[in-house]
Structures are given as structure tokens and as C-alpha cells.
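What follows is a set of notes on a single structure, which appears directly below.
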Amino acid sequence: MNYDRGVKATAYAQAGIEDYWVLDVIDRRLHVFRQPAASGYQQELILAETLTVRLIAFPDLEIAIQDLLPPLIP
């Protein structure tokens with residue numbers, strides 16, 4: 001997680017990737033990075049598994065974060 005949210009996120013921002021996601025399967029949440037700049041992303045949203053997210057490139061497409069995660073084992 002540290003590498004994905006740090007080094008990798010900075011590299012993606014510098015490459016101009018507008019929408020970068022890191023799925024945290026342990027804490028069951030999605031980190032969404034937006035507004036890329038030379039120094040890194042200017043915005044990080046941390047979304048709970050009960051929420052949905054929309055892609056910048058496809059704003060009409062809504063994805064349930066829970067659908068991205070493995071099922072909980074009782």
C-alpha cells in the first residue's frame with residue numbers, strides 16, 4: 001500500500017494519468033487519486049466499501065466498491 005500510494009502514485013501523476021485507484025482489500029476501501037501534477041496527485045478520496053465510484057473517462061459508469069472486493073467469509 002505504501003508503494004502504491006507513494007512512489008507509484010507520483011509516477012502515474014507525472015505521466016498524466018487522470019484517475020488512479022488503489023484497492024485496499026485489508027481495510028476494504030478504495031483510494032482514488034485525481035488531479036495529477038508534477039509533484040503528485042492533488043486529490044485523494046478514500047471511499048468505504050458501501051459507496052460507489054465513477055470513472056473520469058466514463059462518468060456514466062458507476063461501480064460499487066463492494067463489487068471490486070473479495071467476499072467476506074463468515
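Residue numbering restarts at 1 for every chain of the C-alpha cells, chains are lettered A, B, ... in their displayed order, and ligands are numbered from 1 as they appear.
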
Just the residues within 10 Å of range 69-74 of chain A, please, counting only C-alpha atoms, with nothing from its chain fewer than 6 positions along; format it as a VMD selection string.
chain A and resid 23 to 26 28 to 30 49

Can I get the selection written as a PDB file, in the first residue's frame, with C-alpha atoms?
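Final output, result-v2.pdb:
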```
ATOM      1  CA  LEU A  23      -7.892  -1.042  -3.769  1.00  0.00           C
ATOM      2  CA  ASP A  24      -7.200  -1.791  -0.111  1.00  0.00           C
ATOM      3  CA  VAL A  25      -8.532  -5.320   0.355  1.00  0.00           C
ATOM      4  CA  ILE A  26      -7.461  -5.463   4.019  1.00  0.00           C
ATOM      5  CA  ARG A  28     -11.970  -2.815   2.392  1.00  0.00           C
ATOM      6  CA  ARG A  29     -11.813   0.647   0.875  1.00  0.00           C
ATOM      7  CA  LEU A  30     -10.775   2.317  -2.354  1.00  0.00           C
ATOM      8  CA  GLU A  49     -16.903  -0.385   0.544  1.00  0.00           C
TER       9      GLU A  49
END
```

Please return, as number ranges by chain, all residues of chain A that DSSP assigns to helix (DSSP H, G or I) on the basis of the backbone.
A: 2-14, 65-68

Let me see the file: selected residues, all heavy atoms, as a compact mmCIF listing (two decimals), in the first residue's frame.
```
# COMPACT_ATOMS: atom_id res chain seq x y z
N ASN A 2 1.92 1.27 0.79
CA ASN A 2 2.77 2.46 0.84
C ASN A 2 3.39 2.75 -0.52
O ASN A 2 3.44 3.90 -0.95
CB ASN A 2 3.85 2.31 1.90
CG ASN A 2 3.29 2.38 3.31
OD1 ASN A 2 2.23 2.94 3.53
ND2 ASN A 2 3.99 1.78 4.25
N TYR A 3 3.87 1.71 -1.19
CA TYR A 3 4.48 1.89 -2.51
C TYR A 3 3.43 2.37 -3.52
O TYR A 3 3.68 3.30 -4.29
CB TYR A 3 5.11 0.57 -2.97
CG TYR A 3 5.73 0.67 -4.33
CD1 TYR A 3 6.97 1.28 -4.51
CD2 TYR A 3 5.09 0.16 -5.45
CE1 TYR A 3 7.55 1.38 -5.76
CE2 TYR A 3 5.66 0.26 -6.71
CZ TYR A 3 6.89 0.86 -6.85
OH TYR A 3 7.45 0.97 -8.10
N ASP A 4 2.26 1.73 -3.52
CA ASP A 4 1.20 2.09 -4.47
C ASP A 4 0.69 3.51 -4.26
O ASP A 4 0.39 4.22 -5.21
CB ASP A 4 0.04 1.11 -4.37
CG ASP A 4 0.38 -0.26 -4.94
OD1 ASP A 4 1.32 -0.36 -5.74
OD2 ASP A 4 -0.30 -1.23 -4.55
N ARG A 5 0.57 3.92 -3.00
CA ARG A 5 0.06 5.25 -2.68
C ARG A 5 1.15 6.33 -2.71
O ARG A 5 0.84 7.51 -2.71
CB ARG A 5 -0.61 5.25 -1.31
CG ARG A 5 -1.88 4.41 -1.29
CD ARG A 5 -2.53 4.36 0.07
NE ARG A 5 -2.88 5.70 0.51
CZ ARG A 5 -2.63 6.16 1.73
NH1 ARG A 5 -2.04 5.43 2.62
NH2 ARG A 5 -2.98 7.39 2.05
N GLY A 6 2.41 5.92 -2.74
CA GLY A 6 3.53 6.87 -2.73
C GLY A 6 4.25 6.93 -4.06
O GLY A 6 3.89 7.70 -4.95
N VAL A 7 5.26 6.09 -4.20
CA VAL A 7 6.12 6.10 -5.39
C VAL A 7 5.31 5.90 -6.67
O VAL A 7 5.45 6.66 -7.64
CB VAL A 7 7.21 5.00 -5.27
CG1 VAL A 7 8.01 4.87 -6.55
CG2 VAL A 7 8.11 5.29 -4.09
N LYS A 8 4.47 4.89 -6.67
CA LYS A 8 3.71 4.58 -7.88
C LYS A 8 2.71 5.69 -8.22
O LYS A 8 2.57 6.08 -9.38
CB LYS A 8 2.99 3.24 -7.69
CG LYS A 8 2.46 2.63 -8.95
CD LYS A 8 1.98 1.22 -8.63
CE LYS A 8 1.32 0.57 -9.81
NZ LYS A 8 0.81 -0.77 -9.46
N ALA A 9 2.03 6.22 -7.21
CA ALA A 9 1.07 7.30 -7.45
C ALA A 9 1.76 8.54 -8.02
O ALA A 9 1.25 9.18 -8.94
CB ALA A 9 0.34 7.65 -6.15
N THR A 10 2.93 8.86 -7.51
CA THR A 10 3.67 10.01 -8.03
C THR A 10 4.06 9.80 -9.49
O THR A 10 3.91 10.71 -10.32
CB THR A 10 4.93 10.28 -7.17
OG1 THR A 10 4.51 10.53 -5.83
CG2 THR A 10 5.70 11.48 -7.69
N ALA A 11 4.52 8.61 -9.81
CA ALA A 11 4.90 8.30 -11.20
C ALA A 11 3.69 8.40 -12.12
O ALA A 11 3.79 8.94 -13.24
CB ALA A 11 5.53 6.91 -11.27
N TYR A 12 2.55 7.88 -11.69
CA TYR A 12 1.34 7.95 -12.51
C TYR A 12 0.89 9.39 -12.69
O TYR A 12 0.47 9.79 -13.77
CB TYR A 12 0.23 7.12 -11.88
CG TYR A 12 0.30 5.64 -12.18
CD1 TYR A 12 1.52 4.95 -12.22
CD2 TYR A 12 -0.84 4.90 -12.41
CE1 TYR A 12 1.59 3.60 -12.49
CE2 TYR A 12 -0.78 3.54 -12.68
CZ TYR A 12 0.43 2.90 -12.71
OH TYR A 12 0.48 1.56 -12.98
N ALA A 13 0.97 10.19 -11.63
CA ALA A 13 0.58 11.59 -11.73
C ALA A 13 1.48 12.34 -12.71
O ALA A 13 1.02 13.12 -13.54
CB ALA A 13 0.63 12.26 -10.35
N GLN A 14 2.78 12.08 -12.63
CA GLN A 14 3.73 12.73 -13.53
C GLN A 14 3.50 12.31 -14.98
O GLN A 14 3.78 13.06 -15.90
CB GLN A 14 5.16 12.43 -13.10
CG GLN A 14 5.53 13.12 -11.81
CD GLN A 14 6.86 12.68 -11.23
OE1 GLN A 14 7.44 11.68 -11.63
NE2 GLN A 14 7.34 13.43 -10.25
N ILE A 65 -18.08 -0.28 -5.01
CA ILE A 65 -16.77 -0.67 -4.49
C ILE A 65 -16.81 -2.09 -3.94
O ILE A 65 -15.87 -2.86 -4.11
CB ILE A 65 -16.28 0.36 -3.46
CG1 ILE A 65 -16.06 1.70 -4.16
CG2 ILE A 65 -15.00 -0.12 -2.77
CD1 ILE A 65 -15.85 2.86 -3.26
N GLN A 66 -17.89 -2.46 -3.34
CA GLN A 66 -18.04 -3.81 -2.79
C GLN A 66 -17.87 -4.88 -3.88
O GLN A 66 -17.37 -5.96 -3.62
CB GLN A 66 -19.40 -3.95 -2.11
CG GLN A 66 -19.55 -5.21 -1.31
CD GLN A 66 -20.80 -5.18 -0.46
OE1 GLN A 66 -21.76 -4.48 -0.80
NE2 GLN A 66 -20.80 -5.91 0.63
N ASP A 67 -18.26 -4.55 -5.11
CA ASP A 67 -18.11 -5.49 -6.22
C ASP A 67 -16.65 -5.72 -6.61
O ASP A 67 -16.33 -6.71 -7.27
CB ASP A 67 -18.89 -5.01 -7.45
CG ASP A 67 -20.39 -5.10 -7.25
OD1 ASP A 67 -20.85 -5.80 -6.31
OD2 ASP A 67 -21.12 -4.47 -8.04
N LEU A 68 -15.76 -4.82 -6.23
CA LEU A 68 -14.34 -4.95 -6.53
C LEU A 68 -13.61 -5.81 -5.50
O LEU A 68 -12.51 -6.29 -5.76
CB LEU A 68 -13.68 -3.56 -6.56
CG LEU A 68 -14.23 -2.56 -7.57
CD1 LEU A 68 -13.59 -1.20 -7.33
CD2 LEU A 68 -14.02 -3.04 -8.98
```

From A:His31, A:Ser39, A:Ala64, A:Glu18, residue lying nearest Leu51 in chain A [only C-alpha atoms]:
A:Ala64

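One distance worth recording is that between CA of Ala48 in chain A and CA of Asp27 in chain A, which is 8.9 Å.
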
Minimum-distance residue to Phe58 in chain A, chosen among A:Phe33, A:Asp19, A:Glu44, A:Ala38 (using only C-alpha atoms):
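Closest residue, counting only C-alpha atoms: A:Asp19.
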
Please provide as an mmCIF file with N, CA and C atoms, in the first residue's frame all residues within 10 Å of Leu55 in chain A, with the sequence filter that same-chain residues fewer than 4 positions apart are discarded (counting only C-alpha atoms).
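File produced: selection00.cif:
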```cif
data_model
loop_
_atom_site.group_PDB
_atom_site.id
_atom_site.type_symbol
_atom_site.label_atom_id
_atom_site.label_comp_id
_atom_site.auth_asym_id
_atom_site.auth_seq_id
_atom_site.Cartn_x
_atom_site.Cartn_y
_atom_site.Cartn_z
ATOM 1 N N GLU A 18 -5.155 10.530 -15.194
ATOM 2 C CA GLU A 18 -6.128 11.368 -14.505
ATOM 3 C C GLU A 18 -6.841 10.677 -13.352
ATOM 4 N N ASP A 19 -6.976 9.382 -13.430
ATOM 5 C CA ASP A 19 -7.781 8.638 -12.469
ATOM 6 C C ASP A 19 -7.003 7.383 -12.073
ATOM 7 N N TYR A 20 -6.439 7.359 -10.875
ATOM 8 C CA TYR A 20 -5.618 6.244 -10.400
ATOM 9 C C TYR A 20 -6.257 5.690 -9.132
ATOM 10 N N TRP A 21 -6.503 4.374 -9.126
ATOM 11 C CA TRP A 21 -7.161 3.743 -7.992
ATOM 12 C C TRP A 21 -6.245 2.742 -7.325
ATOM 13 N N VAL A 32 -8.859 6.745 -4.320
ATOM 14 C CA VAL A 32 -8.991 7.306 -5.664
ATOM 15 C C VAL A 32 -8.151 8.575 -5.730
ATOM 16 N N PRO A 59 -18.004 8.835 -17.139
ATOM 17 C CA PRO A 59 -18.777 9.330 -16.000
ATOM 18 C C PRO A 59 -20.163 8.687 -15.849
ATOM 19 N N ASP A 60 -20.682 8.068 -16.900
ATOM 20 C CA ASP A 60 -21.987 7.419 -16.803
ATOM 21 C C ASP A 60 -21.889 6.033 -16.179
ATOM 22 N N LEU A 61 -20.684 5.527 -16.031
ATOM 23 C CA LEU A 61 -20.461 4.205 -15.457
ATOM 24 C C LEU A 61 -20.236 4.325 -13.951
ATOM 25 N N GLU A 62 -21.090 3.697 -13.186
ATOM 26 C CA GLU A 62 -20.973 3.721 -11.731
ATOM 27 C C GLU A 62 -20.621 2.312 -11.242
ATOM 28 N N ILE A 63 -19.613 2.211 -10.393
ATOM 29 C CA ILE A 63 -19.138 0.914 -9.910
ATOM 30 C C ILE A 63 -19.288 0.861 -8.400
#
```

Would you mind writing down, as a compact mmCIF listing (two decimals) with all heavy atoms, in the first residue's frame, each residue of range 25-69 of chain A that DSSP on the backbone assigns to strand (DSSP E or B)?
```
# COMPACT_ATOMS: atom_id res chain seq x y z
N ARG A 29 -11.50 -0.69 1.36
CA ARG A 29 -11.81 0.65 0.88
C ARG A 29 -11.00 0.92 -0.39
O ARG A 29 -10.04 0.23 -0.70
CB ARG A 29 -11.56 1.69 1.95
CG ARG A 29 -10.17 1.68 2.49
CD ARG A 29 -10.07 2.56 3.70
NE ARG A 29 -8.70 2.56 4.19
CZ ARG A 29 -8.32 3.19 5.26
NH1 ARG A 29 -9.17 3.90 5.95
NH2 ARG A 29 -7.06 3.16 5.65
N LEU A 30 -11.41 1.95 -1.10
CA LEU A 30 -10.78 2.32 -2.35
C LEU A 30 -10.17 3.71 -2.23
O LEU A 30 -10.85 4.65 -1.82
CB LEU A 30 -11.80 2.29 -3.49
CG LEU A 30 -11.30 2.67 -4.87
CD1 LEU A 30 -10.32 1.62 -5.39
CD2 LEU A 30 -12.45 2.86 -5.84
N HIS A 31 -8.91 3.83 -2.60
CA HIS A 31 -8.23 5.13 -2.64
C HIS A 31 -8.28 5.60 -4.10
O HIS A 31 -7.80 4.89 -5.00
CB HIS A 31 -6.77 5.00 -2.20
CG HIS A 31 -6.63 4.58 -0.77
ND1 HIS A 31 -6.26 5.45 0.23
CD2 HIS A 31 -6.81 3.38 -0.17
CE1 HIS A 31 -6.22 4.80 1.38
NE2 HIS A 31 -6.55 3.54 1.15
N VAL A 32 -8.86 6.74 -4.32
CA VAL A 32 -8.99 7.31 -5.66
C VAL A 32 -8.15 8.58 -5.73
O VAL A 32 -8.37 9.51 -4.97
CB VAL A 32 -10.46 7.62 -5.99
CG1 VAL A 32 -10.58 8.25 -7.38
CG2 VAL A 32 -11.32 6.36 -5.88
N PHE A 33 -7.19 8.58 -6.64
CA PHE A 33 -6.30 9.72 -6.82
C PHE A 33 -6.69 10.45 -8.11
O PHE A 33 -6.85 9.82 -9.16
CB PHE A 33 -4.84 9.26 -6.92
CG PHE A 33 -4.33 8.62 -5.66
CD1 PHE A 33 -4.52 7.27 -5.43
CD2 PHE A 33 -3.68 9.37 -4.70
CE1 PHE A 33 -4.05 6.67 -4.27
CE2 PHE A 33 -3.20 8.79 -3.54
CZ PHE A 33 -3.39 7.44 -3.33
N ARG A 34 -6.81 11.77 -8.01
CA ARG A 34 -7.19 12.60 -9.17
C ARG A 34 -6.42 13.91 -9.14
O ARG A 34 -5.78 14.24 -8.17
CB ARG A 34 -8.69 12.85 -9.15
CG ARG A 34 -9.47 11.55 -9.36
CD ARG A 34 -10.93 11.78 -9.49
NE ARG A 34 -11.58 10.53 -9.91
CZ ARG A 34 -12.83 10.24 -9.69
NH1 ARG A 34 -13.61 11.11 -9.09
NH2 ARG A 34 -13.34 9.10 -10.10
N GLN A 35 -6.53 14.64 -10.23
CA GLN A 35 -5.86 15.93 -10.42
C GLN A 35 -4.33 15.76 -10.40
O GLN A 35 -3.65 16.24 -9.49
CB GLN A 35 -6.32 16.95 -9.39
CG GLN A 35 -7.79 17.24 -9.46
CD GLN A 35 -8.28 18.16 -8.35
OE1 GLN A 35 -7.54 18.51 -7.44
NE2 GLN A 35 -9.54 18.55 -8.43
N PRO A 36 -3.80 15.08 -11.42
CA PRO A 36 -2.35 14.86 -11.45
C PRO A 36 -1.56 16.14 -11.65
O PRO A 36 -2.01 17.07 -12.32
CB PRO A 36 -2.18 13.93 -12.66
CG PRO A 36 -3.36 14.20 -13.53
CD PRO A 36 -4.48 14.55 -12.60
N ALA A 37 -0.40 16.20 -11.02
CA ALA A 37 0.53 17.32 -11.15
C ALA A 37 1.95 16.76 -11.10
O ALA A 37 2.15 15.59 -10.80
CB ALA A 37 0.31 18.32 -10.02
N GLY A 40 2.74 15.12 -7.83
CA GLY A 40 1.86 14.03 -7.40
C GLY A 40 0.41 14.43 -7.57
O GLY A 40 0.10 15.47 -8.14
N TYR A 41 -0.49 13.61 -7.08
CA TYR A 41 -1.91 13.92 -7.18
C TYR A 41 -2.31 14.98 -6.18
O TYR A 41 -1.85 14.99 -5.05
CB TYR A 41 -2.76 12.65 -6.99
CG TYR A 41 -2.70 11.75 -8.20
CD1 TYR A 41 -1.84 10.67 -8.23
CD2 TYR A 41 -3.49 12.00 -9.31
CE1 TYR A 41 -1.76 9.84 -9.34
CE2 TYR A 41 -3.43 11.19 -10.43
CZ TYR A 41 -2.57 10.12 -10.45
OH TYR A 41 -2.49 9.32 -11.55
N GLN A 42 -3.21 15.85 -6.60
CA GLN A 42 -3.68 16.93 -5.74
C GLN A 42 -4.89 16.51 -4.92
O GLN A 42 -5.26 17.20 -3.97
CB GLN A 42 -4.04 18.16 -6.59
CG GLN A 42 -2.89 18.66 -7.44
CD GLN A 42 -1.66 19.00 -6.61
OE1 GLN A 42 -1.72 19.85 -5.74
NE2 GLN A 42 -0.56 18.30 -6.85
N GLN A 43 -5.51 15.39 -5.30
CA GLN A 43 -6.70 14.94 -4.58
C GLN A 43 -6.63 13.44 -4.33
O GLN A 43 -6.28 12.68 -5.24
CB GLN A 43 -7.96 15.26 -5.40
CG GLN A 43 -9.25 14.85 -4.75
CD GLN A 43 -10.44 15.11 -5.64
OE1 GLN A 43 -10.48 14.65 -6.78
NE2 GLN A 43 -11.39 15.88 -5.14
N GLU A 44 -6.94 13.03 -3.11
CA GLU A 44 -7.08 11.61 -2.77
C GLU A 44 -8.39 11.44 -2.03
O GLU A 44 -8.62 12.07 -1.00
CB GLU A 44 -5.93 11.11 -1.90
CG GLU A 44 -6.11 9.65 -1.51
CD GLU A 44 -5.05 9.13 -0.55
OE1 GLU A 44 -4.21 9.92 -0.07
OE2 GLU A 44 -5.07 7.92 -0.26
N LEU A 45 -9.25 10.60 -2.59
CA LEU A 45 -10.51 10.26 -1.94
C LEU A 45 -10.37 8.86 -1.38
O LEU A 45 -9.84 7.97 -2.04
CB LEU A 45 -11.66 10.29 -2.95
CG LEU A 45 -11.85 11.56 -3.75
CD1 LEU A 45 -12.83 11.33 -4.89
CD2 LEU A 45 -12.34 12.67 -2.84
N ILE A 46 -10.84 8.63 -0.17
CA ILE A 46 -10.83 7.30 0.43
C ILE A 46 -12.29 6.92 0.62
O ILE A 46 -13.00 7.53 1.42
CB ILE A 46 -10.05 7.27 1.75
CG1 ILE A 46 -8.61 7.74 1.52
CG2 ILE A 46 -10.08 5.86 2.35
CD1 ILE A 46 -7.80 7.91 2.78
N LEU A 47 -12.71 5.91 -0.14
CA LEU A 47 -14.12 5.54 -0.18
C LEU A 47 -14.36 4.19 0.50
O LEU A 47 -13.65 3.21 0.23
CB LEU A 47 -14.59 5.47 -1.64
CG LEU A 47 -14.35 6.74 -2.46
CD1 LEU A 47 -14.75 6.51 -3.91
CD2 LEU A 47 -15.10 7.92 -1.87
N ALA A 48 -15.37 4.13 1.32
CA ALA A 48 -15.75 2.90 2.02
C ALA A 48 -16.38 1.92 1.04
O ALA A 48 -16.89 2.30 -0.02
CB ALA A 48 -16.73 3.22 3.14
N THR A 52 -20.11 3.97 -4.01
CA THR A 52 -19.85 3.74 -5.43
C THR A 52 -18.86 4.79 -5.93
O THR A 52 -18.64 5.80 -5.28
CB THR A 52 -21.15 3.83 -6.26
OG1 THR A 52 -21.71 5.13 -6.11
CG2 THR A 52 -22.16 2.77 -5.84
N VAL A 53 -18.30 4.52 -7.11
CA VAL A 53 -17.33 5.43 -7.69
C VAL A 53 -17.61 5.53 -9.19
O VAL A 53 -18.10 4.58 -9.80
CB VAL A 53 -15.88 4.96 -7.41
CG1 VAL A 53 -15.58 3.63 -8.05
CG2 VAL A 53 -14.87 6.01 -7.81
N ARG A 54 -17.30 6.68 -9.76
CA ARG A 54 -17.44 6.89 -11.21
C ARG A 54 -16.06 7.19 -11.79
O ARG A 54 -15.27 7.91 -11.19
CB ARG A 54 -18.37 8.05 -11.51
CG ARG A 54 -19.81 7.78 -11.11
CD ARG A 54 -20.71 8.95 -11.49
NE ARG A 54 -22.04 8.76 -11.00
CZ ARG A 54 -23.01 8.15 -11.68
NH1 ARG A 54 -22.77 7.67 -12.88
NH2 ARG A 54 -24.21 8.04 -11.15
N GLU A 62 -21.09 3.70 -13.19
CA GLU A 62 -20.97 3.72 -11.73
C GLU A 62 -20.62 2.31 -11.24
O GLU A 62 -21.27 1.34 -11.62
CB GLU A 62 -22.28 4.19 -11.10
CG GLU A 62 -22.22 4.35 -9.61
CD GLU A 62 -23.50 4.95 -9.05
OE1 GLU A 62 -24.59 4.43 -9.36
OE2 GLU A 62 -23.41 5.94 -8.33
N ILE A 63 -19.61 2.21 -10.39
CA ILE A 63 -19.14 0.91 -9.91
C ILE A 63 -19.29 0.86 -8.40
O ILE A 63 -18.84 1.77 -7.69
CB ILE A 63 -17.66 0.70 -10.30
CG1 ILE A 63 -17.51 0.71 -11.82
CG2 ILE A 63 -17.13 -0.60 -9.71
CD1 ILE A 63 -16.09 0.71 -12.29
N ALA A 64 -19.89 -0.21 -7.92
CA ALA A 64 -19.99 -0.44 -6.47
C ALA A 64 -18.64 -0.94 -5.98
O ALA A 64 -18.11 -1.92 -6.51
CB ALA A 64 -21.09 -1.45 -6.18
```
